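Visitor: One structure, as structure tokens, below. Some questions next.
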Amino acid sequence: METNEVGRHIHGSFDKALDALKEDVLLMATLTERNLNKAMNGLFKRDDDLCTAVIADDQEIDQLEVQVDKDGVAVMIRFQPVARDLRQVISAMKVSGNLERVADQAVNIARRARKLNHAPALEKLNLLEPMYWEALTIFKDSVRAYGDGEIDLALSLKARDKKLDDFDGKIGQEVTDGMAREPDKIKSYMNLIFIARHLERVGDHAKNIGEDAIYAANAEDIRHRTQAAV
Amino acid sequence: MEVTMIDNPVQNPQREQRAPAPAAIQPEEPPAFQVENLSVWYGKKQALFDVTTNIPSKTITAIIGPSGCGKSTFLRCLNRMHELVPSSRTEGSVRLFGQDLHARDTDASIVRRRVGMVFQKSNPFPTMSIGENVIVGLRLNGVRNRAILNERMEKALRMAALWDEVKNDLNRPGMSLSGGQQQRLCIARAVAVEPEVLLMDEPASALDPIATMKIEELTQQLKANYTIVIVTHNMQQASRVSDKTMFFYMGKLIEYGETKQMFFQPAEKKTEDYITGRFG
């Protein structure tokens with residue numbers, strides 16, 4: 001009673017159910033990161049097999065999302081959580097939704113990559129590399145913020161997501177210039193623009209995950225607030 | 001004793017950012033109870049420590065806490081029922097709309113007429129009919145006019161949501177009713193004397209879920225006219241029925257605030273540990 005650490009429940013199965021819920025979300029995050037990685041490698045290495053694997057593996061992530069929702073509802077029915085526990089269940093369900101959408105972005109990237117792999121290589125493809133690393137870092141940090149309850153890290157994501165928006169804008173500009181110079185490659189350039197857009201969406205979802213992490217830990221809803229207000 | 005008031009925007013800045021203030025500023029209702037530095041002893045054992053708080057009128061306040069935390073003692077101090085324990089002793093004051101209930105010149109029977117009580121176990125008078133059970137308090141207070149007694153009986157039974165079930169059986173023994181009906185009969189008996197406050201000490205703990213829901217629904221209707229203070233061990237019940245919640249631990253009032261906030265983000269770790277089942 002004297003420390004600030006979160007103790008275990010008297011009801012041990014409540015702890016187990018909450019732990020299992022979080023483990024499933026973190027497993028989803030691992031699979032999602034792996035799929036995003038594979039999709040971008042499929043693009044950079046012009047490897048169709050990697051891209052195809054991303055599309056196939058997405059089903060597992062979809063199933064996990066359904067499972068997390070099911071388990072979250074089961075915890076609510078069985079234990080009627082309140083306070084921190086209630087927020088933990090709600091945030092697990094919301095984070096899993098965002099992870100599923102990040103995985104969908106990986107699938108979209110894989111589909112675009114397969115199209116690009118079958119067309120002549122684009123020099124401007126390398127514009128995506130720094131954006132990808134930024135998106136991947138933001139995504140990983142959002143998962144860490146959620147998993148470990150790191151509020152400061154979660155708070156940093158909103159500003160960092162802006163960086164991805166800037167990347168998206170710059171790439172759009174450069175690719176448009178490329179289109180003007182090489183009109184025969186317009187389709188490929190369009191795919192490049194879409195991939196940048198998908199990476200930018202990854203940042204949006206990572207920011208959402210950060211918001212969910214803050215909600216779970218601090219009961220604070222920072223959605224739709226300006227960076228200054230946050 | 002520092003009590004955390006989580007509905008105080010100064011202490012909880014998040015709340016300040018919520019919905020805009022209503023267009024017309026409502027004058028603040030005076031609190032029903034003003035409790036100041038209340039301490040209670042049973043013999044040498046201190047059961048309550050320096051409790052200071054206000055209970056707003058026409059709201060439902062739930063009191064939660066583990067067994068032996070002082071919640072029932074606190075409730076009983078609100079109508080001087082604690083005095084029925086011979087070794088009890090109090091310090092501090094309890095005021096009901098300004099009147100010091102514990103003052104030497106305050107009549108305990110008048111206090112208990114103003115502050116009615118419903119107990120955990122329903123206790124209709126076994127030798128009396130349903131109707132007589134309801135009006136017994138009025139008779140004790142000298143009301144003899146049959147028309148008035150009948151009128152008040154019907155009114156009380158309606159307020160207790162029991163009239164439709166018993167209107168044709170008013171002469172049957174009170175004990176012939178089901179457990180849930182008996183409890184509502186006790187509520188009718190309590191409201192018949194038109195108190196200002198209803199205290200409820202675990203009123204539904206011995207009832208099945210349907211009867212419990214009826215009692216809970218009844219409290220929502222009664223709060224239009226009464227200040228209700230309810231002791232409950234059932235956390236879901238506290239969150240369902242009450243506007244405000246008090247958490248007691250080891251005789252101390254640890255936290256008091258809006259129920260929604262208490263069950264979403266309690267300010268005190270002890271409260272959070274208790275309501276989430278991490279206690280002990």
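By convention in this document, the chains of the structure tokens carry letters A, B, ... by their order, each chain's residues are numbered from 1, and ligands are numbered from 1 in the order they are shown.
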Using only C-alpha atoms and a cut-off of 8 Å, which residues of chain A sit close to chain B? Please list them as JSON, numbers by chain.

Guide: {"A": [1, 4, 7, 8, 9, 10, 11, 80, 81, 82, 83, 84, 85, 86, 87, 219, 220]}

Visitor: Take the selection from the previous step and output its residues with N, CA, C and O atoms, as a short mmCIF file (atom, residue, chain, number, x, y, z; two decimals), in the first residue's frame.

Guide:
data_model
loop_
_atom_site.label_atom_id
_atom_site.label_comp_id
_atom_site.auth_asym_id
_atom_site.auth_seq_id
_atom_site.Cartn_x
_atom_site.Cartn_y
_atom_site.Cartn_z
N MET A 1 0.81 -1.22 0.00
CA MET A 1 0.00 0.00 0.00
C MET A 1 0.85 1.27 0.00
O MET A 1 0.34 2.33 -0.29
N ASN A 4 4.37 3.17 -5.01
CA ASN A 4 3.57 3.61 -6.14
C ASN A 4 3.50 2.56 -7.23
O ASN A 4 2.89 2.77 -8.27
N GLY A 7 0.46 -3.04 -8.08
CA GLY A 7 0.53 -4.39 -7.53
C GLY A 7 -0.26 -5.38 -8.37
O GLY A 7 -0.88 -5.03 -9.37
N ARG A 8 -0.23 -6.62 -7.95
CA ARG A 8 -0.99 -7.66 -8.63
C ARG A 8 -2.40 -7.69 -8.05
O ARG A 8 -2.63 -7.30 -6.90
N HIS A 9 -3.33 -8.19 -8.87
CA HIS A 9 -4.70 -8.31 -8.37
C HIS A 9 -4.81 -9.47 -7.39
O HIS A 9 -4.07 -10.45 -7.50
N ILE A 10 -5.76 -9.35 -6.46
CA ILE A 10 -6.05 -10.48 -5.58
C ILE A 10 -6.52 -11.65 -6.46
O ILE A 10 -6.15 -12.79 -6.25
N HIS A 11 -7.29 -11.31 -7.47
CA HIS A 11 -7.79 -12.29 -8.43
C HIS A 11 -6.68 -12.55 -9.45
O HIS A 11 -6.51 -11.78 -10.39
N GLN A 80 -15.21 -6.87 -15.02
CA GLN A 80 -15.70 -5.48 -14.91
C GLN A 80 -14.60 -4.53 -14.46
O GLN A 80 -14.66 -3.97 -13.36
N PRO A 81 -13.57 -4.38 -15.28
CA PRO A 81 -12.43 -3.56 -14.84
C PRO A 81 -12.81 -2.10 -14.67
O PRO A 81 -13.73 -1.60 -15.33
N VAL A 82 -12.10 -1.43 -13.77
CA VAL A 82 -12.26 0.02 -13.59
C VAL A 82 -10.88 0.65 -13.57
O VAL A 82 -9.87 -0.04 -13.49
N ALA A 83 -10.86 1.97 -13.61
CA ALA A 83 -9.65 2.77 -13.49
C ALA A 83 -8.55 2.27 -14.45
O ALA A 83 -8.82 2.05 -15.62
N ARG A 84 -7.34 2.07 -13.94
CA ARG A 84 -6.19 1.69 -14.77
C ARG A 84 -6.49 0.43 -15.59
O ARG A 84 -6.13 0.35 -16.77
N ASP A 85 -7.17 -0.54 -14.99
CA ASP A 85 -7.46 -1.80 -15.68
C ASP A 85 -8.39 -1.56 -16.87
O ASP A 85 -8.18 -2.13 -17.94
N LEU A 86 -9.40 -0.74 -16.65
CA LEU A 86 -10.34 -0.44 -17.73
C LEU A 86 -9.61 0.26 -18.87
O LEU A 86 -9.78 -0.07 -20.04
N ARG A 87 -8.76 1.22 -18.51
CA ARG A 87 -8.03 1.96 -19.55
C ARG A 87 -7.09 1.02 -20.30
O ARG A 87 -6.89 1.17 -21.50
N ALA A 219 -4.59 8.38 -18.09
CA ALA A 219 -6.02 8.70 -18.23
C ALA A 219 -6.24 10.03 -18.92
O ALA A 219 -7.23 10.71 -18.67
N GLU A 220 -5.30 10.39 -19.77
CA GLU A 220 -5.39 11.69 -20.42
C GLU A 220 -5.65 11.48 -21.91
O GLU A 220 -4.97 10.67 -22.55
#

Visitor: Residues at most 12 Å from Val202 (chain A), counting only C-alpha atoms, excluding those fewer than 2 positions away in the same chain, as number ranges by chain?

Guide: A: 32-33, 36, 98-109, 131-140, 142, 157, 160-162, 164-165, 168, 195-200, 204-209

Visitor: Have a look at CA of Val191 (chain B) and CA of Trp163 (chain B) and let me know their distance in Å, one decimal.

Guide: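 Pair CA of Val191 (chain B) / CA of Trp163 (chain B) returns 13.5 Å.
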
Visitor: Show me, as a list in words, the residues that have an atom within 9 Å of Met153 (chain B) when counting only C-alpha atoms, minus same-chain residues fewer than 6 positions from it.

Guide: Gly131, Glu132, Val134, Ile135, Ala188, Arg189 and Ala192 of chain B

Visitor: Counting only C-alpha atoms, which residue out of A:Ala17, A:Glu211, A:Met190, A:Lys163 sits closest to Thr176 (chain A)?

Guide: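 The shortest atom-to-atom distance to Thr176 (chain A) comes from A:Met190.
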
Visitor: Could you state the separation of CA of Val241 (chain B) and CA of Val89 (chain A) in Å, given to one decimal place?

Guide: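 So the two atoms, CA of Val241 (chain B) and CA of Val89 (chain A), lie 23.4 Å apart.
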
Visitor: What parts of region 235-264 of chain B does DSSP call strand (DSSP E or B)? I'd like the answer as a PDB file with C-alpha atoms, in the first residue's frame.

Guide:
ATOM      1  CA  LYS B 244     -20.387  10.868  -5.641  1.00  0.00           C
ATOM      2  CA  THR B 245     -18.269   8.283  -3.938  1.00  0.00           C
ATOM      3  CA  MET B 246     -16.341   8.264  -0.671  1.00  0.00           C
ATOM      4  CA  PHE B 247     -13.571   5.796  -0.019  1.00  0.00           C
ATOM      5  CA  PHE B 248     -12.771   4.978   3.598  1.00  0.00           C
ATOM      6  CA  TYR B 249      -9.756   3.027   4.773  1.00  0.00           C
ATOM      7  CA  LYS B 252     -10.024   7.635   7.436  1.00  0.00           C
ATOM      8  CA  LEU B 253     -11.749   9.270   4.513  1.00  0.00           C
ATOM      9  CA  ILE B 254      -9.116   8.765   1.834  1.00  0.00           C
ATOM     10  CA  GLU B 255     -10.845  10.153  -1.222  1.00  0.00           C
ATOM     11  CA  TYR B 256     -14.158  11.748  -2.115  1.00  0.00           C
ATOM     12  CA  GLY B 257     -15.235  12.811  -5.555  1.00  0.00           C
ATOM     13  CA  GLU B 258     -17.434  12.376  -8.586  1.00  0.00           C
TER      14      GLU B 258
END

Visitor: List as a ChimeraX atom specification the protein and nucleic acid residues near Lys38 (chain A), meaning an atom at most 8 Å away when only C-alpha atoms are counted, but skip any in the same chain fewer than 2 places from it.

Guide: /A:34-36,40-42,50-51,54

Visitor: Deliver the residues from the most recent selection as a file, using all heavy atoms, as a compact mmCIF listing (two decimals), in the first residue's frame.

Guide:
# COMPACT_ATOMS: atom_id res chain seq x y z
N ARG A 34 7.54 -6.72 -38.69
CA ARG A 34 8.19 -7.65 -39.62
C ARG A 34 7.60 -7.51 -41.02
O ARG A 34 8.32 -7.50 -42.02
CB ARG A 34 8.00 -9.09 -39.10
CG ARG A 34 8.89 -10.09 -39.77
CD ARG A 34 8.67 -11.48 -39.20
NE ARG A 34 7.37 -12.01 -39.60
CZ ARG A 34 6.86 -13.17 -39.18
NH1 ARG A 34 7.53 -13.91 -38.32
NH2 ARG A 34 5.68 -13.59 -39.60
N ASN A 35 6.29 -7.36 -41.10
CA ASN A 35 5.65 -7.23 -42.41
C ASN A 35 6.03 -5.92 -43.11
O ASN A 35 6.24 -5.90 -44.33
CB ASN A 35 4.13 -7.32 -42.26
CG ASN A 35 3.62 -8.68 -42.64
OD1 ASN A 35 4.42 -9.62 -42.75
ND2 ASN A 35 2.33 -8.83 -42.83
N LEU A 36 6.10 -4.86 -42.32
CA LEU A 36 6.49 -3.57 -42.91
C LEU A 36 7.92 -3.67 -43.45
O LEU A 36 8.21 -3.20 -44.56
CB LEU A 36 6.38 -2.48 -41.84
CG LEU A 36 6.62 -1.04 -42.29
CD1 LEU A 36 5.61 -0.62 -43.35
CD2 LEU A 36 6.54 -0.08 -41.10
N MET A 40 9.11 -3.31 -47.46
CA MET A 40 10.09 -2.34 -47.94
C MET A 40 11.31 -3.03 -48.54
O MET A 40 11.87 -2.56 -49.54
CB MET A 40 10.50 -1.39 -46.81
CG MET A 40 9.40 -0.45 -46.35
SD MET A 40 8.61 0.51 -47.67
CE MET A 40 9.91 1.66 -48.13
N ASN A 41 11.71 -4.18 -47.96
CA ASN A 41 12.81 -4.95 -48.55
C ASN A 41 12.41 -5.51 -49.90
O ASN A 41 13.21 -5.57 -50.83
CB ASN A 41 13.25 -6.08 -47.61
CG ASN A 41 14.25 -5.57 -46.59
OD1 ASN A 41 15.11 -4.76 -46.91
ND2 ASN A 41 14.11 -6.02 -45.35
N GLY A 42 11.14 -5.93 -50.00
CA GLY A 42 10.63 -6.41 -51.28
C GLY A 42 10.72 -5.33 -52.34
O GLY A 42 10.99 -5.59 -53.51
N LEU A 50 9.09 -11.73 -51.20
CA LEU A 50 8.89 -11.01 -49.94
C LEU A 50 7.53 -10.30 -49.94
O LEU A 50 6.80 -10.33 -48.95
CB LEU A 50 10.02 -10.00 -49.70
CG LEU A 50 11.35 -10.54 -49.18
CD1 LEU A 50 12.38 -9.42 -49.11
CD2 LEU A 50 11.18 -11.17 -47.81
N CYS A 51 7.25 -9.68 -51.07
CA CYS A 51 5.98 -8.94 -51.18
C CYS A 51 4.80 -9.89 -51.04
O CYS A 51 3.81 -9.58 -50.34
CB CYS A 51 5.89 -8.22 -52.53
SG CYS A 51 7.17 -6.97 -52.75
N VAL A 54 4.23 -10.88 -47.47
CA VAL A 54 3.57 -9.83 -46.67
C VAL A 54 2.05 -9.95 -46.80
O VAL A 54 1.32 -9.90 -45.80
CB VAL A 54 4.03 -8.42 -47.15
CG1 VAL A 54 3.16 -7.33 -46.54
CG2 VAL A 54 5.49 -8.20 -46.82

Visitor: Suppose you want the space between CA of Ala103 (chain B) and CA of Thr52 (chain B); what is it in Å?

Guide: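 One can read the CA of Ala103 (chain B) to CA of Thr52 (chain B) distance as 17.0 Å.
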
Visitor: Taking only C-alpha atoms into account, name the residue in A:Phe167, A:Phe194, A:Tyr146, A:Tyr189 that is nearest to Asp212 (chain A).

Guide: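 Selected residue with least distance to Asp212 (chain A): A:Tyr146.
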
Visitor: Hey, what's within 12 Å of Thr219 (chain B) if we count only C-alpha atoms and toss same-chain stuff fewer than 4 positions away? As an MDAnalysis selection string, please?

Guide: chainID B and resid 58:62 118 159:161 184 187:188 191 197:200 203:204 212:215 223:230 237:238 240:243

Visitor: Would you mind telling me which residue in A:Ser188, A:Arg144, A:Leu43, A:Arg114 lies nearest to Leu128 (chain A) when using only C-alpha atoms?

Guide: A:Leu43

Visitor: A:Leu31, A:Arg78, A:Val230, A:Ala92: which is nearest Asp152 (chain A), counting only C-alpha atoms?

Guide: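 Checking each candidate against Asp152 (chain A), we get A:Val230 as the closest.
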
Visitor: For the alpha helix (DSSP H) assignment from backbone DSSP, which residues of region 36-127 of chain A qualify? Please present them as a compact mmCIF listing (two decimals) with C-alpha atoms, in the first residue's frame.

Guide:
# COMPACT_ATOMS: atom_id res chain seq x y z
CA LEU A 36 6.49 -3.57 -42.91
CA ASN A 37 10.15 -4.51 -43.05
CA LYS A 38 9.49 -7.26 -45.57
CA ALA A 39 7.38 -5.00 -47.77
CA MET A 40 10.09 -2.34 -47.94
CA ASN A 41 12.81 -4.95 -48.55
CA GLY A 42 10.63 -6.41 -51.28
CA LEU A 43 10.62 -2.94 -52.81
CA PHE A 44 14.29 -2.07 -52.36
CA ASP A 48 8.39 -10.43 -55.30
CA ASP A 49 8.50 -13.37 -52.90
CA LEU A 50 8.89 -11.01 -49.94
CA CYS A 51 5.98 -8.94 -51.18
CA THR A 52 3.78 -12.01 -51.61
CA ALA A 53 4.70 -13.19 -48.09
CA VAL A 54 3.57 -9.83 -46.67
CA ILE A 55 0.15 -10.21 -48.28
CA ALA A 56 -0.19 -13.80 -47.00
CA ASP A 57 1.02 -13.02 -43.48
CA ASP A 58 -1.44 -10.17 -43.06
CA GLN A 59 -4.17 -12.70 -42.32
CA GLU A 60 -2.48 -13.66 -39.06
CA ILE A 61 -2.47 -10.02 -37.96
CA ASP A 62 -6.13 -9.66 -38.88
CA GLN A 63 -6.95 -12.71 -36.77
CA LEU A 64 -4.99 -11.33 -33.84
CA GLU A 65 -6.94 -8.08 -34.04
CA VAL A 66 -10.19 -10.04 -33.79
CA GLN A 67 -8.73 -12.08 -30.92
CA VAL A 68 -7.68 -8.97 -28.98
CA ASP A 69 -11.18 -7.52 -29.31
CA LYS A 70 -12.72 -10.81 -28.21
CA ASP A 71 -10.40 -11.11 -25.23
CA GLY A 72 -10.94 -7.46 -24.30
CA VAL A 73 -14.70 -7.93 -24.26
CA ALA A 74 -14.24 -11.15 -22.25
CA VAL A 75 -12.17 -9.31 -19.63
CA MET A 76 -14.85 -6.62 -19.38
CA ILE A 77 -17.62 -9.18 -18.93
CA ARG A 78 -15.71 -11.35 -16.48
CA PHE A 79 -13.90 -8.81 -14.33
CA ALA A 83 -9.65 2.77 -13.49
CA ARG A 84 -6.19 1.69 -14.77
CA ASP A 85 -7.46 -1.80 -15.68
CA LEU A 86 -10.34 -0.44 -17.73
CA ARG A 87 -8.03 1.96 -19.55
CA GLN A 88 -5.62 -0.88 -20.22
CA VAL A 89 -8.33 -2.97 -21.86
CA ILE A 90 -9.66 -0.07 -23.92
CA SER A 91 -6.19 0.97 -25.07
CA ALA A 92 -5.25 -2.63 -25.97
CA MET A 93 -8.26 -2.81 -28.27
CA LYS A 94 -7.52 0.57 -29.80
CA VAL A 95 -3.81 -0.14 -30.27
CA SER A 96 -4.60 -3.44 -31.99
CA GLY A 97 -6.85 -1.57 -34.43
CA ASN A 98 -4.02 0.81 -35.27
CA LEU A 99 -1.55 -2.05 -35.65
CA GLU A 100 -3.89 -3.80 -38.04
CA ARG A 101 -4.01 -0.64 -40.13
CA VAL A 102 -0.22 -0.34 -40.15
CA ALA A 103 -0.14 -3.95 -41.37
CA ASP A 104 -2.62 -2.95 -44.10
CA GLN A 105 -0.20 -0.20 -45.15
CA ALA A 106 2.51 -2.87 -45.40
CA VAL A 107 0.21 -4.88 -47.68
CA ASN A 108 -0.48 -1.79 -49.80
CA ILE A 109 3.25 -1.14 -50.07
CA ALA A 110 3.89 -4.80 -51.02
CA ARG A 111 1.26 -4.59 -53.79
CA ARG A 112 2.77 -1.37 -55.16
CA ALA A 113 6.26 -2.86 -54.84
CA ARG A 114 5.29 -5.86 -56.98
CA LYS A 115 4.14 -3.46 -59.69
CA LEU A 116 7.36 -1.46 -59.47
CA ASN A 117 9.45 -4.65 -59.51

Visitor: So that I can check the surroundings of Leu96 (chain B), please list as a list in words every protein, DNA and RNA residue that reaches within 7 Å of it, counting only C-alpha atoms and ignoring chain neighbours fewer than 6 positions away.

Guide: Ala32, Phe33 and Gln34 of chain B
